[in-house]
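Trainee: Have a look at the structure that comes next, please.
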Amino acid sequence: MSLNKKQIEWIEKNKKLKSAEELSEYLNTPVDKIKQYLSENPVKKTPKVFYLILVLIPVLFFVLLEASLRVFDYGRNLETFITLSEEYDNLLFLNPDLPFRYVSKLESPPAIVLDAFEKEKSDSTFRIFVLGGSSAAGWPYAYNATFPRYVQRALSYTYPNLNIEVINLGITAHNSYTIADIADDVIEQKPDLILIYAGHNEYYGALGVGSTESYGTSRSISKLMIELRQIKTFQLLNNIIAWSVNLFSSQNNSAAGETLMARMIGENEIPFGSELYQEGINQFELNLKELLEKTNEAGVKVIVGTLTSNLMQKPFVSIDGNDQKNADSLFNAAQQNIVTQNFESAQIQLLLAKEYDALRFRAPEGMNKVINQLGQEYNISVIDIDKAFMAASPNNIIGYNLMVDHLHPNLKGYDIIGKMFFEEVINSSFMKAKHERPINNIDQFMKNTFPFTTLDSTLSELRIKKLLKSYPFIPKELSGNVVIQFDPKTYLDTLAFQMISKQISWKVGHTKAAEYYYSNGDINNFMKEMDAIIANQPYGEAVVALTASKLINAKQLNKALVYLEKLHKLSPNDYTYKWIGSIALNNNNLDKAILFLTKSGELNPSDAQTFYNLSGAYFNSGNLDMAINSLQKCLAINNNYPNANEFYQSLRKLKAQENKQGF
């Protein structure tokens, strides 16, 4: 009996799935016939390459998609350090988009401090990176009043022949996840030293265990999400999902006016000793340990500061039960002890009130314990900032004498932190060079040159006012959109309000204030405003040049000289040579005047004023021939240059008399 055509077709369709016996039973055909057919027509095995191609197709698709998205610059570049513009192509900055590595629900994460550093580190550069959260970033003052700026200014004064770079990487509402994540990139930039003041944001900062920007307590998942967010394809998928959700859901803008602090609160009750409480401490310890492992391996020195906070801040959330002490009761009892001058008991109670405050914006003492333990384990410097704040506070109780809110220092507080880091740097073996200026003058120098203006002060007050009028400082139901009640009484008040409302930037605000002072003839305050901008952007030649030009126009030549010399150091050109030389002539420093004006004439041989001033320098130094020669060049450029012809005729007469006497 042979197999017919239909039987063969059916066998071919099913031989991969059924045995010879099953085929025989179904076709009612002897099994030996089926086996004979299968031996003559075996099942063809699919080549392994087929499965490999099957796997590679989706992989190749995503590789090509990722490459295409990068070519077309889709989404955000989340590298740690970037070049901002061609104007500063020799400098690197912290990437303003970096916070998007760690947050996804915030449309506008916190701004970063745009401190620059050289791409190619010079031999004369001492480079320091500062890591931390909002206190490192300097909230509410920002920029020039931060403790990193204190360290930079103090070290630059003490070591004038070194290029001191102190790069502030502090980001508001960010915690140890950020610090650990960017560690490799920071080390790659060859730091001489890293300063750390961090730990307050482990619960409500980005990826904190109690934050709205959290993936739970799994450190592995949090670190995976940090990596995924840097992939363009993931950004595309995330944006598609977000767009779809927004398309089919009603928009809720109720949080638009909330402070960042209020928006980051997820778990508003984290009891003392609870699982989440301990997870926050563990998270801090593991991330800080990861950083220190890397710095140890790279041979980079580290200084860590202990955390301090305002003990006079009333607890945000007080709970009872489950072995919890009532934070409000502890706080109130402490107030009574202060009244009766039982300060030692009051301090203990206030510390406990902070520890049992279930809304964990102030770091628990467990964070400082971690800092001290890791300091010993990795043999790094630990400075006790908390102890220093206690010593500087009445009755050792840290309050609003050094704080503006629950944990951010005021100007005096930031000075203490800055000075402690500075002294640790110079008193330890971190600086190889010996300091060239006496440090006993540092306090007076820092006070006299503090680049902080009335405008900065008003802006800071508005920031504090906005924070204190929002949750958790007031009940959530009364918070909502924060509207600051502020009646501007001066032009500076108006500028400050525009700055906090983000109508104008910090730089524009200071520029407008400087213009206001200049137009009113207030040169000193004009300089203070421009100094604030320059201190924040020391690499910005345009601001320095504008300041020098304005002072020259106001005939404030000696004041202009300071900025001209700074500009000359940044970018020597015919303009700086001309005016430094001209001011030297005005101050009767003739050798310097001739040297600089000659160089200016070489760089720009079409400036009549340069050669006119050079002729004056030669004349005053007794070189009549060179004075006449310079005036001839001046008149060749502009025959009508003011006073040049009269001066030229006078010089010719003197030369004639000289020749006659010599004859």
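Ligands are numbered from 1 in the order shown, chains are lettered A, B, ... in the order of the structure tokens, and residues start at 1 in each chain.
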Could you write out, as a list in words, all the residues of segment 528-559 of chain A that DSSP marks as alpha helix (DSSP H)?
Mentor: Lys528, Glu529, Met530, Asp531, Ala532, Ile533, Ile534, Ala535, Asn536, Glu541, Ala542, Val543, Val544, Ala545, Leu546, Thr547, Ala548, Ser549, Lys550, Leu551, Ile552, Asn553, Leu557, Asn558 and Lys559 of chain A
Trainee: Generate a file of the selected residues that holds N, CA and C atoms, formatted as a short mmCIF file (atom, residue, chain, number, x, y, z; two decimals), in the first residue's frame.
Mentor:
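After the write, part.cif holds the following:
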```cif
data_model
loop_
_atom_site.label_atom_id
_atom_site.label_comp_id
_atom_site.auth_asym_id
_atom_site.auth_seq_id
_atom_site.Cartn_x
_atom_site.Cartn_y
_atom_site.Cartn_z
N LYS A 528 29.26 97.40 42.28
CA LYS A 528 28.84 96.26 43.10
C LYS A 528 27.96 95.30 42.30
N GLU A 529 27.03 95.86 41.53
CA GLU A 529 26.15 95.01 40.72
C GLU A 529 26.94 94.26 39.65
N MET A 530 27.86 94.98 39.00
CA MET A 530 28.66 94.33 37.97
C MET A 530 29.62 93.30 38.59
N ASP A 531 30.13 93.61 39.78
CA ASP A 531 31.00 92.66 40.48
C ASP A 531 30.25 91.37 40.80
N ALA A 532 28.97 91.49 41.13
CA ALA A 532 28.16 90.30 41.43
C ALA A 532 28.06 89.41 40.20
N ILE A 533 27.85 90.01 39.04
CA ILE A 533 27.76 89.23 37.80
C ILE A 533 29.10 88.60 37.47
N ILE A 534 30.16 89.38 37.60
CA ILE A 534 31.50 88.89 37.26
C ILE A 534 31.92 87.76 38.19
N ALA A 535 31.61 87.89 39.49
CA ALA A 535 31.95 86.83 40.44
C ALA A 535 31.22 85.54 40.10
N ASN A 536 30.00 85.65 39.60
CA ASN A 536 29.23 84.47 39.23
C ASN A 536 29.68 83.91 37.89
N GLU A 541 33.94 87.50 29.46
CA GLU A 541 34.72 88.68 29.09
C GLU A 541 33.83 89.88 28.83
N ALA A 542 32.65 89.65 28.24
CA ALA A 542 31.78 90.76 27.82
C ALA A 542 31.38 91.64 29.00
N VAL A 543 31.07 91.02 30.15
CA VAL A 543 30.64 91.79 31.32
C VAL A 543 31.80 92.61 31.87
N VAL A 544 32.98 92.03 31.90
CA VAL A 544 34.16 92.74 32.39
C VAL A 544 34.47 93.92 31.46
N ALA A 545 34.40 93.68 30.16
CA ALA A 545 34.68 94.73 29.18
C ALA A 545 33.67 95.87 29.28
N LEU A 546 32.40 95.52 29.48
CA LEU A 546 31.36 96.54 29.61
C LEU A 546 31.60 97.40 30.85
N THR A 547 31.96 96.76 31.95
CA THR A 547 32.23 97.50 33.20
C THR A 547 33.39 98.46 33.01
N ALA A 548 34.47 97.98 32.41
CA ALA A 548 35.64 98.84 32.16
C ALA A 548 35.27 100.01 31.27
N SER A 549 34.52 99.74 30.20
CA SER A 549 34.13 100.79 29.25
C SER A 549 33.28 101.86 29.92
N LYS A 550 32.33 101.42 30.74
CA LYS A 550 31.45 102.38 31.44
C LYS A 550 32.26 103.26 32.39
N LEU A 551 33.21 102.67 33.09
CA LEU A 551 34.02 103.44 34.03
C LEU A 551 34.96 104.40 33.29
N ILE A 552 35.46 103.98 32.15
CA ILE A 552 36.29 104.88 31.34
C ILE A 552 35.47 106.06 30.86
N ASN A 553 34.25 105.79 30.40
CA ASN A 553 33.37 106.87 29.94
C ASN A 553 33.01 107.83 31.07
N LEU A 557 39.13 106.33 35.79
CA LEU A 557 40.16 105.51 35.16
C LEU A 557 40.80 104.50 36.11
N ASN A 558 41.12 104.91 37.32
CA ASN A 558 41.77 103.98 38.25
C ASN A 558 40.83 102.85 38.67
N LYS A 559 39.53 103.14 38.75
CA LYS A 559 38.56 102.08 39.03
C LYS A 559 38.43 101.16 37.82
#
```
Trainee: For segment 635-644 of chain A, work out the shell of residues within 7 Å, counting only C-alpha atoms and skipping chain neighbours fewer than 4 positions away, then give it as a list in words.
Mentor: Ser606, Ala608, Tyr612, Leu631 and Tyr648 of chain A
Trainee: Ala333 of chain A: which residues within 10 Å, counting only C-alpha atoms, same-chain residues fewer than 2 positions away excluded, as a list in words?
Mentor: Ala327, Asp328, Ser329, Leu330, Phe331, Gln335, Gln336, Asn337, Ile338, Ser345, Ala346, Gln349, Leu350 and Ala353 of chain A
Trainee: Please determine, counting only C-alpha atoms, which residue among A:Gly266, A:Gly418, A:Pro394, A:Pro191 has the shortest atom-to-atom distance to Phe147 of chain A.
Mentor: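 Looking only at the distances to Phe147 of chain A, the closest residue turns out to be A:Gly418.
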Trainee: So the first atom is atom CA of Gln632 of chain A and the second is atom CA of Leu585 of chain A; what is the distance between them in Å, to one decimal place?
Mentor: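 Atom-to-atom, atom CA of Gln632 of chain A and atom CA of Leu585 of chain A are spaced 19.3 Å apart.
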Trainee: For a quick check of understanding, using only C-alpha atoms, which of A:Asn401, A:Gln230, A:Asn588, A:Asn659 has the smallest distance to Tyr618 of chain A?
Mentor: A:Asn588
Trainee: Using only C-alpha atoms, which of the listed residues (A:Leu3, A:Ala154, A:Leu402, A:Leu114) sits closest to Lys35 of chain A?
Mentor: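 Checking each candidate against Lys35 of chain A, we get A:Leu3 as the closest.
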Trainee: Run DSSP on the backbone and tell me which residues of segment 51-178 of chain A come out as strand (DSSP E or B); list them as a ChimeraX atom specification.
Mentor: /A:81-82,91-94,116-118,125-132,163-168
Trainee: Write to file, as a PDB file, in the first residue's frame, the residues of the selection just made, with C-alpha atoms.
Mentor:
```pdb
ATOM      1  CA  PHE A  81      29.262  67.927  31.691  1.00  0.00           C
ATOM      2  CA  ILE A  82      28.761  69.797  28.421  1.00  0.00           C
ATOM      3  CA  LEU A  91      35.089  75.321  29.182  1.00  0.00           C
ATOM      4  CA  LEU A  92      32.812  72.648  30.601  1.00  0.00           C
ATOM      5  CA  PHE A  93      29.654  73.234  32.645  1.00  0.00           C
ATOM      6  CA  LEU A  94      27.307  71.003  34.607  1.00  0.00           C
ATOM      7  CA  ALA A 116      32.694  76.544  34.577  1.00  0.00           C
ATOM      8  CA  PHE A 117      36.026  74.759  34.491  1.00  0.00           C
ATOM      9  CA  GLU A 118      38.689  74.279  31.831  1.00  0.00           C
ATOM     10  CA  THR A 125      45.018  74.667  38.500  1.00  0.00           C
ATOM     11  CA  PHE A 126      43.726  73.361  41.811  1.00  0.00           C
ATOM     12  CA  ARG A 127      40.315  71.847  41.084  1.00  0.00           C
ATOM     13  CA  ILE A 128      37.579  71.215  43.654  1.00  0.00           C
ATOM     14  CA  PHE A 129      34.111  69.765  43.035  1.00  0.00           C
ATOM     15  CA  VAL A 130      31.333  70.317  45.586  1.00  0.00           C
ATOM     16  CA  LEU A 131      28.523  67.745  45.845  1.00  0.00           C
ATOM     17  CA  GLY A 132      25.214  68.087  47.648  1.00  0.00           C
ATOM     18  CA  ASN A 163      44.081  78.975  39.285  1.00  0.00           C
ATOM     19  CA  ILE A 164      41.516  77.915  41.885  1.00  0.00           C
ATOM     20  CA  GLU A 165      38.466  76.165  40.447  1.00  0.00           C
ATOM     21  CA  VAL A 166      35.607  75.357  42.826  1.00  0.00           C
ATOM     22  CA  ILE A 167      32.771  73.839  40.802  1.00  0.00           C
ATOM     23  CA  ASN A 168      29.423  73.749  42.576  1.00  0.00           C
TER      24      ASN A 168
END
```
Trainee: May I ask for the distance between atom CA of Tyr102 of chain A and atom CA of Gly205 of chain A, given in Å to one decimal place?
Mentor: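 According to the coordinates, atom CA of Tyr102 of chain A and atom CA of Gly205 of chain A are separated by 9.5 Å.
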Trainee: I'd like the neighbourhood of Ser460 of chain A as an mmCIF file with C-alpha atoms, in the first residue's frame, where a residue qualifies if any of its atoms comes within 10 Å (using only C-alpha atoms), though same-chain residues fewer than 6 positions away should be ignored.
Mentor:
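As written to disk, out02.cif reads:
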```
data_model
loop_
_atom_site.group_PDB
_atom_site.id
_atom_site.type_symbol
_atom_site.label_atom_id
_atom_site.label_comp_id
_atom_site.auth_asym_id
_atom_site.auth_seq_id
_atom_site.Cartn_x
_atom_site.Cartn_y
_atom_site.Cartn_z
ATOM 1 C CA TRP A 139 19.402 78.315 48.606
ATOM 2 C CA PRO A 140 17.871 80.877 49.075
ATOM 3 C CA TYR A 141 20.785 83.133 48.158
ATOM 4 C CA ALA A 142 22.189 81.299 45.150
ATOM 5 C CA VAL A 404 16.376 80.925 57.354
ATOM 6 C CA ASN A 410 21.547 82.231 56.452
ATOM 7 C CA THR A 454 20.760 94.786 48.028
ATOM 8 C CA LYS A 466 7.345 82.021 49.106
ATOM 9 C CA ALA A 496 13.578 91.358 42.536
ATOM 10 C CA ILE A 500 11.422 85.523 41.417
#
```
Trainee: For the atom pair atom CA of Phe234 of chain A and atom CA of Leu276 of chain A, what is the interatomic distance in Å to one decimal place?
Mentor: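 These atoms are spaced 29.3 Å apart.
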Trainee: Please list as a ChimeraX atom specification every residue within 12 Å of Ala358 of chain A, counting only C-alpha atoms and excluding residues in the same chain fewer than 4 positions away.
Mentor: /A:203,210,265,267-274,276-277,314-320,324-328,352-354,362-364,472
Trainee: Between A:Glu120, A:Asp97, A:Asn282, A:Phe72, which residue has the minimum interatomic distance to Ser176 of chain A, considering only C-alpha atoms?
Mentor: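 Once distances to Ser176 of chain A are computed over only C-alpha atoms, the minimum belongs to A:Asn282.
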Trainee: Would you kindly return, as a PDB file with C-alpha atoms, in the first residue's frame, each protein, DNA or RNA residue with an atom no farther than 10 Å from any atom of Ala388 of chain A, considering only C-alpha atoms and excluding same-chain residues fewer than 4 positions away?
Mentor:
```pdb
ATOM      1  CA  THR A 306      28.199  66.655  59.103  1.00  0.00           C
ATOM      2  CA  THR A 308      22.980  70.518  60.733  1.00  0.00           C
ATOM      3  CA  ILE A 383      34.352  68.414  59.556  1.00  0.00           C
ATOM      4  CA  ASP A 384      31.746  68.733  62.294  1.00  0.00           C
ATOM      5  CA  ALA A 392      27.884  79.710  67.357  1.00  0.00           C
ATOM      6  CA  SER A 393      24.303  79.574  68.726  1.00  0.00           C
ATOM      7  CA  ASN A 396      24.086  75.674  71.933  1.00  0.00           C
ATOM      8  CA  ILE A 398      20.664  76.084  66.624  1.00  0.00           C
ATOM      9  CA  GLY A 413      25.680  80.125  58.503  1.00  0.00           C
ATOM     10  CA  ILE A 416      30.710  79.217  58.842  1.00  0.00           C
ATOM     11  CA  ILE A 417      30.452  76.236  56.490  1.00  0.00           C
ATOM     12  CA  MET A 420      35.352  75.332  57.885  1.00  0.00           C
TER      13      MET A 420
END
```
Trainee: Set the distance at 12 Å and use only C-alpha atoms: which residues neighbour Ile8 of chain A once local chain neighbours fewer than 6 positions away are removed? I'd like the list as an mmCIF file with C-alpha atoms, in the first residue's frame.
Mentor:
```cif
data_model
loop_
_atom_site.group_PDB
_atom_site.id
_atom_site.type_symbol
_atom_site.label_atom_id
_atom_site.label_comp_id
_atom_site.auth_asym_id
_atom_site.auth_seq_id
_atom_site.Cartn_x
_atom_site.Cartn_y
_atom_site.Cartn_z
ATOM 1 C CA SER A 2 1.507 3.364 -1.053
ATOM 2 C CA ASN A 14 2.124 17.877 10.432
ATOM 3 C CA LYS A 15 5.379 15.903 10.544
ATOM 4 C CA LEU A 23 0.360 10.206 11.839
ATOM 5 C CA SER A 24 -0.338 6.480 11.260
ATOM 6 C CA LEU A 27 -4.378 8.399 8.401
ATOM 7 C CA THR A 29 -2.077 3.716 7.520
ATOM 8 C CA LYS A 33 4.843 3.043 5.725
ATOM 9 C CA ILE A 34 4.849 6.342 7.572
ATOM 10 C CA TYR A 37 8.278 7.967 4.090
ATOM 11 C CA LEU A 38 9.720 10.051 6.927
ATOM 12 C CA ASN A 41 11.698 12.761 3.499
#
```
Trainee: In terms of the shortest atom-to-atom distance over only C-alpha atoms, which of A:Lys555, A:Lys507, A:Lys512, A:Lys489 is closest to Tyr143 of chain A?
Mentor: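 Under the stated criterion, the closest residue is A:Lys507.
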